[in-house]
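Some notes on the structure that comes next.
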There are 2 protein chains.
Amino acid sequence: MEIIALKSEMKKVSDGLKIRGKSIGLVPTMGYLHEGHVSLIRQSKKDCDVIILSIFVNPAQFGPNEDFNKYPRDFKRDSGIAAEEGVDYIFAPEAEEMYSKNHLSYVEVEKLNRIMCGKFRPVHFKGVCTVILKLFNIVSPNKAFFGKKDFQQLVIIKKMIKDLDLPVSIIECETVREPDGLALSSRNRYLTKEERENATILYETILFAESRIKSGEKNLSEIKKDCREILKSNKFVSKIDYFDIRDPEDLGEIKKLSRCTGKFLIASAIYIGSTRLIDNKVILL
Amino acid sequence: MEIIALKSEMKKVSDGLKIRGKSIGLVPTMGYLHEGHVSLIRQSKKDCDVIILSIFVNPAQFGPNEDFNKYPRDFKRDSGIAAEEGVDYIFAPEAEEMYSKNHLSYVEVEKLNRIMCGKFRPVHFKGVCTVILKLFNIVSPNKAFFGKKDFQQLVIIKKMIKDLDLPVSIIECETVREPDGLALSSRNRYLTKEERENATILYETILFAESRIKSGEKNLSEIKKDCREILKSNKFVSKIDYFDIRDPEDLGEIKKLSRCTGKFLIASAIYIGSTRLIDNKVILL
């Protein structure tokens, strides 16, 4: 396994791989790898000849009051996991290498970047799309692997690829969960022991909404209201950013069942203490 | 010469060329070709194995009150010129093919897109950058050829390429002029005979500013003021959008000579009657 810090070197490697006809799989991460990332790597190993894992805590996707500085980093541990899983290259540039001085160019997927998480993190998806487009240009992957836990991110990146004619296929991988249901996230490490125990309320509430819909209940605003009440009643839930029921294709809000194509996305973002957690589930009726 | 209307077909062709190791030159145009375009094609023939000329009047770069509908189009004439000049492929998609329904993704080069022409055409460079990025992704050119007449566009596209790590080289070609100095532009055809005769005032005034600077005059705001007066005194000049002296590298305004790196961009946009014309000159001291 080779570790690469320079964009020019990464480009040279991926150009060489292309010429030799190798298919390239990109697993873009912010590091502090967990089993969710590992599942992406394992899927990429099945689908591609050569695996490039990027590790880059992208400053452009954090707002001024967000956790960029305290975001967990452990490169040594990450590279150990990557080597064990058969990653071929880690691309881990410094921020100053990734963004040139006076960087001015950004990609935005309008409208979709202003709803759900985008309503509360207004620069987030602009930063995500920009860095992902840069990574695509540097790494030239045939396939890129993303987890469904960040469902809105997945929809936005797929839309960017379609709108901008990018020659990359996106492979969507299932959310990996702890035995008690909590979705894996590098941010889980921020949680105290008590917060961690109570963090299961997020997925439990999503499953509750699912069961209500599956049992035939038509009044979605009633279900959402009840779910917000459940979340509020947990004293570790300090804020509910949203609890939404949407179309998983275009993220359009589903207010009436007639809007529904048979698929529902139940998605929510809440704070447990000072830690923001997101989760979702797509259900088929 | 082959004419291609579908993105998927164009991608297939350029992928095939890449595999065969051919270098691809892209000459992006809005059609209604003139000698300026021809000079781009001739340069591309010198530099690349295979030449792809795109012809696409891009709706995204026209404002709601601009000349998208009346922009001159003559595909038959254009394809005759292209064939004669040795173009290998014309890529000429319809707008509905180029932009999928509900297109939401745009690229912006911030700040640079709000000055000079961007101040008067606020969506223009967003539309330009988005369509050029799409063309790059569809055509995969090694080199793309742009004229210096659209100097701000050139600076913005180079910045986009640098910021987003796009694997394309930009070749800048000189402005082609009529014998009397008027820069060639598809929009010149809008001019009446009298307007055409008076349109030379634009380049003449730029040359006047150049001569003042070269003669050692330090007071740039005085020079700009005088140039605006000259333009205003011509009764065919119906509006002056700007007459600027800037750094040709980053388009920063040069107010004092100390700001100057030895290079000046003199650039202006005016209306002759109802036709908007732009022109510029880079001078070295």
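Naming works like this for the structure tokens: A, B, ... for the chains as they're shown, residue 1 at the start of each chain, ligands 1 onward in shown order.
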
To test your reading of the structure, identify every residue in region 113-242 of chain A that backbone DSSP assigns to strand (DSSP E or B), and report it as a VMD selection string. chain A and resid 143 to 147 169 to 173 177 183 237 to 242

Run DSSP on the backbone and tell me which residues of region 17-264 of chain B come out as helix (DSSP H, G or I); list them as a PyMOL selection string. chain B and resi 17-19+35-47+59-61+75-84+95-98+112-114+117-120+124-139+148-163+186-190+193-198+201-214+220-232+257-259

Wanna dump the chain A-chain B contacts at 6 Å for me, each residue with its shortest atom pair and the distance in Å to one decimal, counting only C-alpha atoms, ordered by chain and number, as JSON lines?
```
{"residue": "A:His103", "atom": "CA", "partner": "B:Asp163", "partner_atom": "CA", "distance": 5.9}
{"residue": "A:Leu104", "atom": "CA", "partner": "B:Glu110", "partner_atom": "CA", "distance": 5.2}
{"residue": "A:Ser105", "atom": "CA", "partner": "B:Val109", "partner_atom": "CA", "distance": 4.2}
{"residue": "A:Tyr106", "atom": "CA", "partner": "B:Glu108", "partner_atom": "CA", "distance": 5.5}
{"residue": "A:Val107", "atom": "CA", "partner": "B:Val107", "partner_atom": "CA", "distance": 4.5}
{"residue": "A:Glu108", "atom": "CA", "partner": "B:Ser105", "partner_atom": "CA", "distance": 5.5}
{"residue": "A:Val109", "atom": "CA", "partner": "B:Ser105", "partner_atom": "CA", "distance": 4.2}
{"residue": "A:Glu110", "atom": "CA", "partner": "B:Leu104", "partner_atom": "CA", "distance": 5.2}
{"residue": "A:Lys134", "atom": "CA", "partner": "B:Leu164", "partner_atom": "CA", "distance": 5.1}
{"residue": "A:Asn137", "atom": "CA", "partner": "B:Leu166", "partner_atom": "CA", "distance": 5.7}
{"residue": "A:Met160", "atom": "CA", "partner": "B:Ser105", "partner_atom": "CA", "distance": 5.7}
{"residue": "A:Asp163", "atom": "CA", "partner": "B:Ser105", "partner_atom": "CA", "distance": 5.9}
{"residue": "A:Leu164", "atom": "CA", "partner": "B:Lys134", "partner_atom": "CA", "distance": 5.1}
{"residue": "A:Asp165", "atom": "CA", "partner": "B:Lys134", "partner_atom": "CA", "distance": 5.8}
{"residue": "A:Leu166", "atom": "CA", "partner": "B:Asn137", "partner_atom": "CA", "distance": 5.7}
```

With C-alpha atoms retained, write the just-selected residues as an mmCIF file, in the first residue's frame.
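Contents of the output file result.cif:
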```
data_model
loop_
_atom_site.group_PDB
_atom_site.id
_atom_site.type_symbol
_atom_site.label_atom_id
_atom_site.label_comp_id
_atom_site.auth_asym_id
_atom_site.auth_seq_id
_atom_site.Cartn_x
_atom_site.Cartn_y
_atom_site.Cartn_z
ATOM 1 C CA HIS A 103 -9.615 29.081 -4.128
ATOM 2 C CA LEU A 104 -12.747 30.531 -5.736
ATOM 3 C CA SER A 105 -14.478 27.718 -7.659
ATOM 4 C CA TYR A 106 -17.379 25.792 -6.188
ATOM 5 C CA VAL A 107 -20.049 23.382 -7.379
ATOM 6 C CA GLU A 108 -23.539 23.560 -6.039
ATOM 7 C CA VAL A 109 -26.561 21.373 -6.551
ATOM 8 C CA GLU A 110 -29.183 24.030 -6.026
ATOM 9 C CA LYS A 134 -11.887 17.567 -7.193
ATOM 10 C CA ASN A 137 -10.652 14.792 -11.297
ATOM 11 C CA MET A 160 -24.198 16.374 -9.682
ATOM 12 C CA ASP A 163 -26.116 17.155 -14.410
ATOM 13 C CA LEU A 164 -22.407 17.640 -15.092
ATOM 14 C CA ASP A 165 -21.935 14.453 -17.177
ATOM 15 C CA LEU A 166 -19.221 13.088 -14.902
#
```

Can you tell me which residues surround region 48-56 of chain B at a distance of at most 7 Å, considering only C-alpha atoms, apart from same-chain residues fewer than 2 positions away, and format the answer as an MDAnalysis selection string? chainID B and resid 22:31 44:46 58 87:93

Could you please take those selected residues and save N, CA and C atoms as a PDB file, in the first residue's frame?
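Saved to out31.pdb:
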```
ATOM      1  N   LYS B  22      -4.940   8.929 -28.894  1.00  0.00           N
ATOM      2  CA  LYS B  22      -5.023  10.175 -29.669  1.00  0.00           C
ATOM      3  C   LYS B  22      -5.208  11.362 -28.729  1.00  0.00           C
ATOM      4  N   SER B  23      -4.548  12.469 -29.041  1.00  0.00           N
ATOM      5  CA  SER B  23      -4.798  13.696 -28.279  1.00  0.00           C
ATOM      6  C   SER B  23      -5.985  14.425 -28.895  1.00  0.00           C
ATOM      7  N   ILE B  24      -6.872  14.911 -28.011  1.00  0.00           N
ATOM      8  CA  ILE B  24      -8.124  15.531 -28.457  1.00  0.00           C
ATOM      9  C   ILE B  24      -8.056  17.038 -28.220  1.00  0.00           C
ATOM     10  N   GLY B  25      -8.368  17.800 -29.257  1.00  0.00           N
ATOM     11  CA  GLY B  25      -8.488  19.252 -29.131  1.00  0.00           C
ATOM     12  C   GLY B  25      -9.950  19.646 -29.198  1.00  0.00           C
ATOM     13  N   LEU B  26     -10.398  20.455 -28.234  1.00  0.00           N
ATOM     14  CA  LEU B  26     -11.789  20.931 -28.234  1.00  0.00           C
ATOM     15  C   LEU B  26     -11.804  22.420 -28.554  1.00  0.00           C
ATOM     16  N   VAL B  27     -12.625  22.782 -29.535  1.00  0.00           N
ATOM     17  CA  VAL B  27     -12.870  24.197 -29.826  1.00  0.00           C
ATOM     18  C   VAL B  27     -14.340  24.464 -29.508  1.00  0.00           C
ATOM     19  N   PRO B  28     -14.614  25.036 -28.331  1.00  0.00           N
ATOM     20  CA  PRO B  28     -16.021  25.241 -27.956  1.00  0.00           C
ATOM     21  C   PRO B  28     -16.542  26.550 -28.549  1.00  0.00           C
ATOM     22  N   THR B  29     -17.654  26.487 -29.251  1.00  0.00           N
ATOM     23  CA  THR B  29     -18.220  27.701 -29.869  1.00  0.00           C
ATOM     24  C   THR B  29     -19.739  27.718 -29.710  1.00  0.00           C
ATOM     25  N   MET B  30     -20.312  28.896 -29.994  1.00  0.00           N
ATOM     26  CA  MET B  30     -21.767  28.995 -30.112  1.00  0.00           C
ATOM     27  C   MET B  30     -22.158  29.081 -31.591  1.00  0.00           C
ATOM     28  N   GLY B  31     -21.232  28.682 -32.467  1.00  0.00           N
ATOM     29  CA  GLY B  31     -21.546  28.650 -33.895  1.00  0.00           C
ATOM     30  C   GLY B  31     -21.500  30.032 -34.521  1.00  0.00           C
ATOM     31  N   SER B  44      -5.662  24.447 -33.111  1.00  0.00           N
ATOM     32  CA  SER B  44      -5.919  23.103 -32.562  1.00  0.00           C
ATOM     33  C   SER B  44      -5.384  22.021 -33.494  1.00  0.00           C
ATOM     34  N   LYS B  45      -5.471  22.271 -34.804  1.00  0.00           N
ATOM     35  CA  LYS B  45      -4.930  21.295 -35.774  1.00  0.00           C
ATOM     36  C   LYS B  45      -3.426  21.115 -35.605  1.00  0.00           C
ATOM     37  N   LYS B  46      -2.747  22.219 -35.224  1.00  0.00           N
ATOM     38  CA  LYS B  46      -1.296  22.120 -35.008  1.00  0.00           C
ATOM     39  C   LYS B  46      -0.966  21.333 -33.752  1.00  0.00           C
ATOM     40  N   ASN B  58     -25.685  28.254 -25.665  1.00  0.00           N
ATOM     41  CA  ASN B  58     -25.933  27.779 -24.296  1.00  0.00           C
ATOM     42  C   ASN B  58     -26.942  28.662 -23.568  1.00  0.00           C
ATOM     43  N   VAL B  87     -11.868  19.900 -39.353  1.00  0.00           N
ATOM     44  CA  VAL B  87     -12.449  19.434 -38.084  1.00  0.00           C
ATOM     45  C   VAL B  87     -12.855  17.967 -38.242  1.00  0.00           C
ATOM     46  N   ASP B  88     -12.637  17.150 -37.206  1.00  0.00           N
ATOM     47  CA  ASP B  88     -12.977  15.727 -37.292  1.00  0.00           C
ATOM     48  C   ASP B  88     -14.410  15.440 -36.853  1.00  0.00           C
ATOM     49  N   TYR B  89     -14.844  16.131 -35.775  1.00  0.00           N
ATOM     50  CA  TYR B  89     -16.203  15.923 -35.266  1.00  0.00           C
ATOM     51  C   TYR B  89     -16.828  17.265 -34.895  1.00  0.00           C
ATOM     52  N   ILE B  90     -18.075  17.452 -35.284  1.00  0.00           N
ATOM     53  CA  ILE B  90     -18.854  18.559 -34.717  1.00  0.00           C
ATOM     54  C   ILE B  90     -19.769  17.954 -33.661  1.00  0.00           C
ATOM     55  N   PHE B  91     -19.697  18.492 -32.458  1.00  0.00           N
ATOM     56  CA  PHE B  91     -20.639  18.081 -31.414  1.00  0.00           C
ATOM     57  C   PHE B  91     -21.657  19.200 -31.271  1.00  0.00           C
ATOM     58  N   ALA B  92     -22.883  18.911 -31.670  1.00  0.00           N
ATOM     59  CA  ALA B  92     -23.922  19.946 -31.704  1.00  0.00           C
ATOM     60  C   ALA B  92     -25.206  19.410 -31.075  1.00  0.00           C
ATOM     61  N   PRO B  93     -25.256  19.365 -29.750  1.00  0.00           N
ATOM     62  CA  PRO B  93     -26.458  18.843 -29.096  1.00  0.00           C
ATOM     63  C   PRO B  93     -27.574  19.887 -29.047  1.00  0.00           C
TER      64      PRO B  93
END
```

Please list as a PyMOL selection string every residue within 9 Å of Ser268 (chain B), counting only C-alpha atoms and excluding residues in the same chain fewer than 2 positions away. chain B and resi 116-117+202-203+206+240-245+266+270+277-280

Would you output that residue set with C-alpha atoms, as a PDB file, in the first residue's frame?
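This is the output file result-v2.pdb:
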```pdb
ATOM      1  CA  MET B 116     -16.512  43.547 -15.349  1.00  0.00           C
ATOM      2  CA  CYS B 117     -19.026  41.740 -17.597  1.00  0.00           C
ATOM      3  CA  LEU B 202     -14.150  50.716 -28.950  1.00  0.00           C
ATOM      4  CA  TYR B 203     -10.730  49.433 -30.008  1.00  0.00           C
ATOM      5  CA  ILE B 206      -8.418  51.052 -25.901  1.00  0.00           C
ATOM      6  CA  ILE B 240     -20.751  52.135 -21.439  1.00  0.00           C
ATOM      7  CA  ASP B 241     -20.841  49.093 -19.147  1.00  0.00           C
ATOM      8  CA  TYR B 242     -17.217  49.544 -18.086  1.00  0.00           C
ATOM      9  CA  PHE B 243     -13.825  50.768 -19.181  1.00  0.00           C
ATOM     10  CA  ASP B 244     -11.323  49.146 -16.814  1.00  0.00           C
ATOM     11  CA  ILE B 245      -7.594  48.805 -16.307  1.00  0.00           C
ATOM     12  CA  ILE B 266      -7.388  47.365 -20.718  1.00  0.00           C
ATOM     13  CA  ILE B 270     -20.114  49.145 -24.560  1.00  0.00           C
ATOM     14  CA  LEU B 277     -19.596  44.705 -27.814  1.00  0.00           C
ATOM     15  CA  ILE B 278     -16.517  43.831 -25.751  1.00  0.00           C
ATOM     16  CA  ASP B 279     -12.839  44.201 -26.474  1.00  0.00           C
ATOM     17  CA  ASN B 280      -9.528  44.322 -24.628  1.00  0.00           C
TER      18      ASN B 280
END
```

Between CA of Phe62 (chain B) and CA of Arg189 (chain B), distance in Å (one decimal):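 Pair CA of Phe62 (chain B) / CA of Arg189 (chain B) returns 18.1 Å.
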
Compile the contact shell of Leu284 (chain A) as a PDB file with N, CA and C atoms, in the first residue's frame: residues with an atom at most 9 Å away, counting only C-alpha atoms, same-chain residues fewer than 4 positions apart removed.
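Output file around-v6.pdb is given in full below:
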```pdb
ATOM      1  N   LYS A 214     -46.275   1.411   7.607  1.00  0.00           N
ATOM      2  CA  LYS A 214     -46.530   0.052   7.105  1.00  0.00           C
ATOM      3  C   LYS A 214     -47.850  -0.506   7.603  1.00  0.00           C
ATOM      4  N   GLY A 262     -44.274   4.748  -3.873  1.00  0.00           N
ATOM      5  CA  GLY A 262     -44.097   3.427  -3.294  1.00  0.00           C
ATOM      6  C   GLY A 262     -42.865   3.335  -2.424  1.00  0.00           C
ATOM      7  N   LYS A 263     -42.031   4.387  -2.478  1.00  0.00           N
ATOM      8  CA  LYS A 263     -40.826   4.416  -1.663  1.00  0.00           C
ATOM      9  C   LYS A 263     -40.856   5.647  -0.771  1.00  0.00           C
ATOM     10  N   PHE A 264     -40.499   5.458   0.490  1.00  0.00           N
ATOM     11  CA  PHE A 264     -40.415   6.572   1.422  1.00  0.00           C
ATOM     12  C   PHE A 264     -39.009   6.644   1.994  1.00  0.00           C
TER      13      PHE A 264
END
```

What's around Gln61 (chain B) at 8 Å? Count only C-alpha atoms, leave out sequence neighbours fewer than 6 positions away in its own chain, and write the answer as a ChimeraX atom specification. /B:123-128

Export, as a compact mmCIF listing (two decimals), in the first residue's frame, the selected residues with N, CA and C atoms.
```txt
# COMPACT_ATOMS: atom_id res chain seq x y z
N VAL B 123 -25.68 36.12 -14.44
CA VAL B 123 -25.69 34.64 -14.57
C VAL B 123 -24.71 34.15 -15.64
N HIS B 124 -24.12 35.09 -16.38
CA HIS B 124 -23.35 34.71 -17.57
C HIS B 124 -22.24 33.69 -17.29
N PHE B 125 -21.34 34.00 -16.37
CA PHE B 125 -20.17 33.14 -16.19
C PHE B 125 -20.51 31.82 -15.48
N LYS B 126 -21.56 31.86 -14.68
CA LYS B 126 -22.07 30.61 -14.10
C LYS B 126 -22.51 29.67 -15.23
N GLY B 127 -23.22 30.21 -16.21
CA GLY B 127 -23.63 29.41 -17.36
C GLY B 127 -22.44 28.95 -18.19
N VAL B 128 -21.48 29.84 -18.38
CA VAL B 128 -20.29 29.50 -19.17
C VAL B 128 -19.51 28.37 -18.49
```

Within 12 Å of Cys173 (chain B), counting only C-alpha atoms, which residues qualify if same-chain residues fewer than 4 places away don't, as an NGL selection string? :B and (27 or 35-44 or 144-151 or 154)

Export of the given selection (C-alpha atoms) as a PDB file, in the first residue's frame:
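Output file again_35.pdb is given in full below:
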```
ATOM      1  CA  VAL B  27     -12.870  24.197 -29.826  1.00  0.00           C
ATOM      2  CA  GLU B  35     -12.238  34.018 -38.739  1.00  0.00           C
ATOM      3  CA  GLY B  36     -11.686  34.139 -34.979  1.00  0.00           C
ATOM      4  CA  HIS B  37     -13.117  30.638 -34.630  1.00  0.00           C
ATOM      5  CA  VAL B  38     -11.159  29.529 -37.685  1.00  0.00           C
ATOM      6  CA  SER B  39      -7.929  30.675 -36.035  1.00  0.00           C
ATOM      7  CA  LEU B  40      -8.802  28.508 -33.006  1.00  0.00           C
ATOM      8  CA  ILE B  41      -9.436  25.505 -35.257  1.00  0.00           C
ATOM      9  CA  ARG B  42      -6.143  26.067 -37.096  1.00  0.00           C
ATOM     10  CA  GLN B  43      -4.227  26.283 -33.825  1.00  0.00           C
ATOM     11  CA  SER B  44      -5.919  23.103 -32.562  1.00  0.00           C
ATOM     12  CA  ALA B 144      -9.210  23.393 -25.259  1.00  0.00           C
ATOM     13  CA  PHE B 145      -8.887  26.528 -27.386  1.00  0.00           C
ATOM     14  CA  PHE B 146     -10.254  29.913 -26.392  1.00  0.00           C
ATOM     15  CA  GLY B 147      -9.861  33.386 -27.870  1.00  0.00           C
ATOM     16  CA  LYS B 148      -8.464  36.328 -25.940  1.00  0.00           C
ATOM     17  CA  LYS B 149     -11.345  38.509 -27.062  1.00  0.00           C
ATOM     18  CA  ASP B 150     -13.351  37.027 -24.192  1.00  0.00           C
ATOM     19  CA  PHE B 151     -10.533  37.763 -21.781  1.00  0.00           C
ATOM     20  CA  LEU B 154     -10.437  32.959 -20.300  1.00  0.00           C
TER      21      LEU B 154
END
```

Can you tell me how far CA of Phe208 (chain A) sits from CA of Leu191 (chain A), in Å to one decimal?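 A separation of 23.4 Å between them.
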